[in-house]
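Asker: run-v6.txt (compact mmCIF, C-alpha atoms) pasted underneath:
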# COMPACT_ATOMS: atom_id res chain seq x y z
CA MET A 1 -101.25 16.49 -1.87
CA ASP A 2 -99.89 12.96 -2.10
CA THR A 3 -98.68 13.44 -5.67
CA GLN A 4 -95.00 14.47 -5.96
CA ASN A 5 -94.00 17.26 -8.32
CA PRO A 6 -91.94 15.61 -11.05
CA SER A 7 -90.25 18.90 -11.98
CA VAL A 8 -88.60 19.31 -8.59
CA ARG A 9 -84.97 18.07 -8.40
CA PRO A 10 -84.62 15.26 -5.81
CA HIS A 11 -82.69 16.25 -2.67
CA ALA A 12 -79.72 14.25 -1.33
CA GLN A 13 -80.77 11.98 1.45
CA SER A 14 -78.85 12.08 4.76
CA ARG A 15 -77.01 8.96 5.96
CA ILE A 16 -79.14 6.84 8.24
CA THR A 17 -77.69 6.25 11.69
CA GLY A 18 -76.13 2.86 11.93
CA LYS A 19 -75.31 2.67 8.22
CA THR A 20 -71.65 1.99 7.39
CA HIS A 21 -69.49 2.72 4.40
CA PRO A 22 -70.41 0.43 1.51
CA ARG A 23 -66.77 -0.68 1.10
CA ARG A 24 -66.25 -1.40 4.81
CA PRO A 25 -67.81 -4.48 6.37
CA ALA A 26 -70.49 -3.76 8.87
CA HIS A 27 -68.69 -5.68 11.61
CA ALA A 28 -65.25 -4.10 10.99
CA LYS A 29 -65.56 -1.52 13.74
CA ALA A 30 -67.50 -3.59 16.18
CA HIS A 31 -65.36 -6.72 15.76
CA PRO A 32 -61.83 -5.86 14.40
CA VAL A 33 -59.83 -8.76 12.91
CA GLY A 34 -56.25 -9.52 14.05
CA VAL A 35 -54.16 -8.40 16.97
CA ILE A 36 -55.15 -5.51 19.18
CA HIS A 37 -52.30 -3.60 20.85
CA ASP A 38 -52.68 -2.42 24.41
CA ASN A 39 -49.37 -0.59 24.67
CA THR A 40 -47.85 1.31 27.57
CA ARG A 41 -44.80 3.51 27.02
CA HIS A 42 -41.64 2.11 28.56
CA THR A 43 -39.47 4.50 30.52
CA SER A 44 -36.80 2.04 31.76
CA HIS A 45 -35.56 -1.52 31.31
CA PHE A 46 -36.46 -1.87 27.64
CA THR A 47 -34.67 -2.85 24.41
CA VAL A 48 -35.33 -1.39 20.96
CA ILE A 49 -35.78 -4.16 18.39
CA GLY A 50 -36.05 -3.42 14.68
CA ASN A 51 -38.95 -4.76 12.64
CA HIS A 52 -36.42 -6.22 10.22
CA LEU A 53 -35.64 -8.73 12.99
CA ALA A 54 -39.01 -9.11 14.65
CA GLN A 55 -40.73 -9.66 11.27
CA HIS A 56 -37.89 -11.38 9.44
CA PRO A 57 -39.39 -13.56 6.69
CA GLU A 58 -36.68 -16.25 6.76
CA LEU A 59 -35.67 -16.59 10.44
CA SER A 60 -37.39 -19.14 12.65
CA ALA A 61 -39.29 -18.09 15.74
CA LEU A 62 -36.56 -19.56 17.94
CA ALA A 63 -33.86 -17.59 16.10
CA ILE A 64 -35.84 -14.35 16.42
CA GLY A 65 -36.42 -15.01 20.11
CA LEU A 66 -32.75 -15.75 20.76
CA ALA A 67 -31.71 -12.58 18.87
CA VAL A 68 -34.07 -10.48 20.98
CA HIS A 69 -32.80 -12.13 24.16
CA ILE A 70 -29.14 -11.62 23.23
CA GLN A 71 -29.68 -7.96 22.29
CA SER A 72 -31.32 -7.34 25.67
CA LEU A 73 -28.31 -8.64 27.62
CA ARG A 74 -25.48 -6.54 28.99
CA THR A 75 -22.08 -6.56 27.34
CA GLY A 76 -19.99 -9.45 28.61
CA THR A 77 -22.90 -11.79 29.41
CA PRO A 78 -22.17 -15.40 28.27
CA VAL A 79 -24.27 -16.41 25.26
CA ASP A 80 -22.70 -19.76 24.40
CA ILE A 81 -24.82 -22.76 23.49
CA LYS A 82 -24.45 -24.36 26.93
CA THR A 83 -25.59 -21.22 28.75
CA LEU A 84 -28.56 -20.65 26.43
CA ALA A 85 -29.63 -24.31 26.67
CA ALA A 86 -29.68 -24.00 30.46
CA ARG A 87 -31.80 -20.84 30.19
CA PHE A 88 -34.43 -22.04 27.67
CA PRO A 89 -36.33 -25.34 27.34
CA GLU A 90 -35.09 -25.97 23.78
CA SER A 91 -32.30 -28.47 23.27
CA ALA A 92 -28.71 -27.52 22.61
CA ALA A 93 -29.01 -28.78 19.00
CA ARG A 94 -31.98 -26.48 18.26
CA ILE A 95 -30.28 -23.52 19.91
CA ALA A 96 -27.10 -24.17 17.88
CA ALA A 97 -29.17 -24.27 14.68
CA ALA A 98 -30.90 -20.99 15.59
CA LEU A 99 -27.55 -19.32 16.27
CA ARG A 100 -26.33 -20.46 12.86
CA GLU A 101 -29.41 -18.82 11.33
CA LEU A 102 -28.59 -15.53 13.03
CA GLU A 103 -24.97 -15.81 11.94
CA ALA A 104 -25.98 -16.48 8.32
CA HIS A 105 -28.23 -13.38 8.24
CA GLY A 106 -25.68 -11.10 9.91
CA TYR A 107 -27.27 -10.71 13.33
CA LEU A 108 -24.44 -12.60 15.01
CA ARG A 109 -20.67 -12.83 14.49
CA ARG A 110 -18.51 -15.39 16.26
CA ASN A 111 -14.74 -14.88 16.07
CA ARG A 112 -11.83 -16.72 17.63
CA GLU A 113 -9.17 -14.51 19.22
CA ARG A 114 -6.06 -15.03 21.28
CA ALA A 115 -6.37 -13.68 24.81
CA THR A 116 -3.54 -12.06 26.76
CA SER A 117 -2.93 -15.37 28.51
CA GLY A 118 -2.30 -17.05 25.16
CA ARG A 119 -5.53 -19.10 25.09
CA ILE A 120 -7.85 -19.08 22.06
CA VAL A 121 -11.27 -17.79 23.13
CA ALA A 122 -14.54 -17.43 21.19
CA ARG A 123 -15.97 -13.93 20.97
CA THR A 124 -19.66 -13.38 20.08
CA ILE A 125 -20.73 -10.02 18.61
CA SER A 126 -24.44 -9.16 18.36
CA CYS A 127 -25.49 -6.83 15.50
CA ASN A 128 -28.81 -5.05 15.83
CA GLN A 129 -28.58 -3.88 12.20
CA PRO A 130 -26.73 -6.26 9.87
CA GLY A 131 -24.56 -4.57 7.28
CA ARG A 132 -23.64 -1.64 9.52
CA SER A 133 -20.73 -3.13 11.43
CA GLY A 134 -19.06 -1.24 14.25
CA ASP A 135 -16.10 -2.00 16.49
CA ALA A 136 -15.63 -5.04 18.72
CA THR A 137 -17.85 -3.56 21.42
CA GLY A 138 -20.82 -3.15 19.09
CA ALA A 139 -20.69 0.65 19.00
CA ARG A 140 -20.67 2.24 15.59
CA ARG A 141 -17.67 4.18 14.48
CA ALA A 142 -18.30 7.81 13.76
CA PRO A 143 -17.75 8.55 10.05
CA GLU A 144 -14.58 10.43 9.32
CA PRO A 145 -15.15 14.03 8.25
CA PRO A 146 -14.94 14.43 4.46
CA ALA A 147 -12.39 17.25 4.75
CA ARG A 148 -9.97 15.11 6.77
CA ARG A 149 -10.40 12.19 4.39
CA ALA A 150 -9.73 14.41 1.38
CA ALA A 151 -6.62 15.87 3.01
CA ALA A 152 -5.23 12.42 3.78
CA THR A 153 -5.65 11.15 0.20
CA PRO A 154 -2.57 12.93 -1.30
CA GLN A 155 -0.36 11.64 1.55
CA GLN A 156 -1.54 8.05 1.23
CA ASN A 157 -1.30 7.98 -2.58
CA PRO A 158 1.56 10.30 -3.62
CA PRO A 159 1.94 10.88 -7.37
CA ARG A 160 4.30 8.38 -8.92
CA ARG A 161 7.46 9.83 -10.44
CA ALA A 162 8.20 8.92 -14.04
CA ALA A 163 11.19 6.63 -14.50
CA LEU A 164 14.41 8.11 -15.86
CA PRO A 165 15.53 7.15 -19.37
CA ALA A 166 18.09 4.38 -19.69
CA VAL A 167 21.76 5.33 -19.92
CA PRO A 168 24.70 3.57 -21.63
CA GLN A 169 26.47 0.88 -19.66
CA PRO A 170 30.25 0.50 -19.49
CA GLY A 171 31.98 -2.65 -20.65
CA TYR A 172 33.63 -3.10 -17.25
CA ALA A 173 32.14 -1.13 -14.36
CA SER A 174 35.06 -1.07 -11.96
CA PRO A 175 34.49 0.54 -8.55
CA THR A 176 37.15 3.15 -9.30
CA LEU A 177 35.49 4.08 -12.60
CA LEU A 178 32.04 4.40 -10.98
CA GLN A 179 33.48 6.50 -8.16
CA THR A 180 35.02 8.89 -10.68
CA ALA A 181 31.70 9.07 -12.56
CA THR A 182 29.82 9.88 -9.34
CA GLU A 183 32.29 12.67 -8.56
CA VAL A 184 31.73 14.13 -12.03
CA LEU A 185 27.95 14.18 -11.45
CA ALA A 186 28.32 15.69 -7.99
CA GLY A 187 30.43 18.53 -9.40
CA LEU A 188 27.87 19.56 -12.02
CA ARG A 189 25.99 21.76 -9.55
CA ARG A 190 29.09 23.94 -9.20
CA MET A 191 28.87 24.78 -12.90
CA ASP A 192 25.07 25.20 -12.93
CA PRO A 193 22.98 25.21 -9.70
CA ARG A 194 20.05 23.75 -11.65
CA LEU A 195 21.95 20.46 -12.02
CA LEU A 196 21.59 19.52 -8.35
CA LEU A 197 21.00 15.74 -8.34
CA SER A 198 19.73 13.40 -5.67
CA ALA A 199 21.63 10.31 -4.59
CA THR A 200 19.15 8.10 -6.48
CA ASP A 201 19.57 10.11 -9.69
CA ALA A 202 23.36 10.03 -9.40
CA GLU A 203 23.31 6.26 -8.90
CA HIS A 204 21.22 5.88 -12.07
CA LEU A 205 23.43 8.19 -14.18
CA ALA A 206 26.85 6.99 -12.95
CA PRO A 207 27.09 4.01 -15.37
CA GLY A 208 26.42 6.36 -18.31
CA VAL A 209 29.24 8.67 -17.25
CA ALA A 210 31.50 5.63 -16.74
CA ALA A 211 30.76 4.57 -20.34
CA TRP A 212 32.05 7.98 -21.49
CA LEU A 213 35.17 7.77 -19.33
CA GLU A 214 35.80 4.30 -20.70
CA ARG A 215 36.16 5.85 -24.18
CA ASP A 216 39.30 7.83 -23.34
CA LEU A 217 37.49 10.99 -22.24
CA THR A 218 38.70 12.96 -19.25
CA PRO A 219 36.32 13.94 -16.44
CA THR A 220 36.61 17.57 -17.55
CA ALA A 221 35.55 16.70 -21.09
CA VAL A 222 32.52 14.77 -19.82
CA ARG A 223 31.56 17.63 -17.50
CA ASP A 224 31.78 20.18 -20.34
CA ALA A 225 29.67 18.03 -22.66
CA LEU A 226 26.90 17.68 -20.06
CA THR A 227 26.73 21.37 -19.08
CA SER A 228 27.22 23.16 -22.42
CA ASP A 229 24.29 24.77 -24.27
CA LEU A 230 21.74 24.18 -21.51
CA PRO A 231 18.29 25.73 -22.08
CA PRO A 232 17.71 29.04 -20.27
CA ASP A 233 14.36 27.90 -18.87
CA PRO A 234 14.12 26.27 -15.42
CA LEU A 235 14.99 22.58 -15.53
CA ARG A 236 12.07 20.57 -14.13
CA ARG A 237 13.91 17.23 -14.37
CA PRO A 238 17.67 17.77 -14.72
CA ALA A 239 18.38 14.06 -14.29
CA ALA A 240 16.22 13.23 -17.32
CA LEU A 241 18.05 15.84 -19.40
CA LEU A 242 21.44 14.42 -18.41
CA ALA A 243 20.29 10.87 -19.17
CA HIS A 244 19.22 11.98 -22.65
CA ARG A 245 22.56 13.67 -23.29
CA LEU A 246 24.55 10.69 -22.06
CA THR A 247 22.70 8.48 -24.55
CA ALA A 248 22.30 10.80 -27.55
CA GLN A 249 25.82 12.30 -27.45
CA LEU A 250 27.75 9.14 -26.57
CA PRO A 251 31.11 9.40 -28.39
CA PRO A 252 32.37 6.47 -30.48
CA PRO A 253 34.88 4.08 -28.98
CA PRO A 254 38.52 5.03 -29.53
CA PRO A 255 40.28 3.46 -32.53
CA TRP A 256 42.14 0.22 -31.93
CA ARG A 257 45.85 0.62 -31.48
CA PRO A 258 48.24 -2.31 -31.38
CA PRO A 259 50.22 -2.60 -28.20
CA VAL A 260 53.59 -0.85 -28.38
CA GLU A 261 56.49 -3.11 -27.48
CA PRO A 262 59.16 -1.54 -25.30
CA PRO A 263 62.53 -0.97 -26.99
CA PRO A 264 65.14 -3.69 -26.36
CA VAL A 265 67.55 -3.09 -23.52
CA LEU A 266 71.17 -2.93 -24.64
CA LEU A 267 73.59 -4.55 -22.21
CA THR A 268 77.22 -3.38 -22.11
CA MET A 269 80.19 -4.41 -20.05
CA HIS A 270 80.57 -2.67 -16.69
CA ASN A 271 82.33 -3.37 -13.40
CA CYS A 272 80.19 -4.43 -10.38
CA ASP A 273 80.10 -1.77 -7.73
CA GLY A 274 80.35 -4.42 -5.02
CA CYS A 275 83.14 -6.71 -6.09
CA ASP A 276 84.55 -4.88 -9.15
CA ARG A 277 83.87 -7.94 -11.28
CA GLY A 278 83.01 -7.45 -14.95
CA ILE A 279 79.27 -7.88 -15.70
CA ARG A 280 76.83 -7.04 -18.49
CA ALA A 281 74.40 -4.30 -17.40
CA PRO A 282 72.30 -1.54 -18.99
CA GLY A 283 74.51 1.11 -17.46
CA PRO A 284 77.16 1.83 -14.84
CA GLY A 285 76.33 1.39 -11.15
CA ALA A 286 74.87 -2.13 -11.48
CA ARG A 287 75.70 -4.96 -9.09
CA CYS A 288 76.15 -8.63 -9.83
CA ARG A 289 73.77 -11.32 -8.60
CA ASP A 290 76.07 -12.42 -5.74
CA CYS A 291 76.28 -8.90 -4.41
CA ARG A 292 72.52 -8.37 -4.74
CA GLU A 293 71.80 -11.56 -2.81
CA GLY A 294 74.47 -10.95 -0.16
CA ARG A 295 76.66 -13.92 -1.07
CA PRO A 296 80.43 -13.75 -1.15
CA PRO A 297 81.78 -13.42 -4.68
CA ALA A 298 83.09 -16.58 -6.29
CA THR A 299 86.93 -16.85 -6.38
CA THR A 300 88.78 -18.11 -9.37
CA THR A 301 92.02 -20.15 -9.11
CA THR A 302 94.83 -19.96 -11.64
Would it be possible to restate this file's structure as structure tokens?

Answerer:
Amino acid sequence: MDTQNPSVRPHAQSRITGKTHPRRPAHAKAHPVGVIHDNTRHTSHFTVIGNHLAQHPELSALAIGLAVHIQSLRTGTPVDIKTLAARFPESAARIAAALRELEAHGYLRRNRERATSGRIVARTISCNQPGRSGDATGARRAPEPPARRAAATPQQNPPRRAALPAVPQPGYASPTLLQTATEVLAGLRRMDPRLLLSATDAEHLAPGVAAWLERDLTPTAVRDALTSDLPPDPLRRPAALLAHRLTAQLPPPPPWRPPVEPPPVLLTMHNCDGCDRGIRAPGPGARCRDCREGRPPATTTT
């Protein structure tokens, strides 16, 4: 009866009471290592602090404590070095160094602004999450809806208009010549409504038209050259078409002609109408110099 049957498969043994998991120390449950939290849920007078601040690996304990204290204060409470040094036992130098730590890691921003009275005042802004800046009061701005942002993009960045081709320049752009050229351009829309030009386009094209007028062409001839044989399709950029024609069809300068001298004036003998004295004049009805100047005629003695 004491001999066990070797052919019988051994049964799994149940865990003995008091035994623990082989990977877990025996005293882990009875004597836990580290902090033990005895927490009670807050319902009022509490501040939410992120673990990124409470467990910051680079901030000093004084900097973390000051950040927690500042975030728990109401808006408008003074948090300058003098006020904090009077509140805590640390010296003003240590508090100033801790504030510089918070400022370097983004938990604090100190700006100088001009008040309504004209004085320069220091403004301290506490950030509970660095990198997610809000307005001056610390509240985050609500993100703008994507639809509104997409609709505002064409208005803020309108498509740039291509520059017009260059046009010929006159040798001497007199104001009268440019005025005549502008009138020629303004009258093109009467011959073809598609040639309606803006003031900017007319200002760009006027020197080209003046260069044509400078070459002994009449305004009518320039107008006919610009409006003849236009394409039947709609003109998307009439000013560009006119600029091309002014350059490509520019007529040559007129041939040089020597100045024509006026014919000589033949003087014949006539009597002055004022004093009946004989004078040389181009024709009858002339007056002598004394009569023209109102002097009495000279008398001759015999």

Asker: Which residue out of A:Glu113, A:Glu183, A:Glu214, A:Asp273 has the minimum interatomic distance to Gly171 (chain A) when all atoms listed in the file are used?

Answerer: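 Checking each of A:Glu113, A:Glu183, A:Glu214, A:Asp273 against Gly171 (chain A), counting all atoms listed in the file, the winner is A:Glu214.
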
Asker: With distances taken over all atoms listed in the file, which of A:Arg237, A:Arg280, A:Arg215, A:Arg87 is nearest to Leu267 (chain A)?

Answerer: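 Under the stated criterion, the closest residue is A:Arg280.
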
Asker: Residues near Tyr172 (chain A), anyone? I mean within 10 Å using only C-alpha atoms, not counting same-chain ones fewer than 2 positions away, as a ChimeraX atom specification.

Answerer: /A:169-170,174-175,177-178,207,210-211,214

Asker: So that I can see what lies close to region 218-227 of chain A, please list as a CSV table (one decimal) with C-alpha atoms, in the frame of the given file the residues with an atom at most 9 Å from it, counting only C-alpha atoms and leaving out residues fewer than 6 positions away in the same chain.

Answerer:
chain,number,residue,atom,x,y,z
A,180,THR,CA,35.0,8.9,-10.7
A,181,ALA,CA,31.7,9.1,-12.6
A,183,GLU,CA,32.3,12.7,-8.6
A,184,VAL,CA,31.7,14.1,-12.0
A,185,LEU,CA,28.0,14.2,-11.4
A,187,GLY,CA,30.4,18.5,-9.4
A,188,LEU,CA,27.9,19.6,-12.0
A,191,MET,CA,28.9,24.8,-12.9
A,192,ASP,CA,25.1,25.2,-12.9
A,195,LEU,CA,22.0,20.5,-12.0
A,209,VAL,CA,29.2,8.7,-17.2
A,212,TRP,CA,32.0,8.0,-21.5
A,242,LEU,CA,21.4,14.4,-18.4
A,245,ARG,CA,22.6,13.7,-23.3
A,246,LEU,CA,24.6,10.7,-22.1
A,249,GLN,CA,25.8,12.3,-27.4

Asker: For a quick check of understanding, using all atoms listed in the file, which of A:Ser198, A:Pro262, A:Leu53, A:Thr83 has the smallest distance to Gln71 (chain A)?

Answerer: A:Leu53

Asker: CA of Ser126 (chain A) to CA of Phe88 (chain A): how many Å, to one decimal?

Answerer: 18.8 Å

Asker: Just the residues within 12 Å of region 94-96 of chain A, please, counting only C-alpha atoms, with nothing from its chain fewer than 5 positions along; format it as a PyMOL selection string.

Answerer: chain A and resi 60-67+79-89+101-103

Asker: Grab the CA of Arg110 (chain A) to CA of Val48 (chain A) distance for me, in Å with one decimal place.

Answerer: 22.4 Å

Asker: Calculate how many Å separate CA of Leu197 (chain A) from CA of Leu213 (chain A), rounding to one decimal.

Answerer: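 So the answer is 19.6 Å.
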
Asker: Determine, counting all atoms listed in the file, every residue of protein, DNA or RNA that lies within 10 Å of (18.5, 9.4, -11.1) in the file coordinates, then give the result as a PyMOL selection string.

Answerer: chain A and resi 163-166+197-206+237-240+242-243

Asker: First collect every listed atom of region 112-129 of chain A; then fit an axis-aligned box around them, widen it by 8 Å on each side, and give centre and edge lengths in Å to one decimal, as lines of an AutoDock Vina configuration file.

Answerer:
center_x = -15.6
center_y = -11.5
center_z = 20.4
size_x = 42.5
size_y = 31.2
size_z = 32.3

Asker: Ranking A:His270, A:Arg295, A:Arg74, A:Arg189 by minimum distance to Gly283 (chain A) and counting all atoms listed in the file, which one comes first?

Answerer: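 Comparing A:His270, A:Arg295, A:Arg74, A:Arg189 against Gly283 (chain A), the winner is A:His270.
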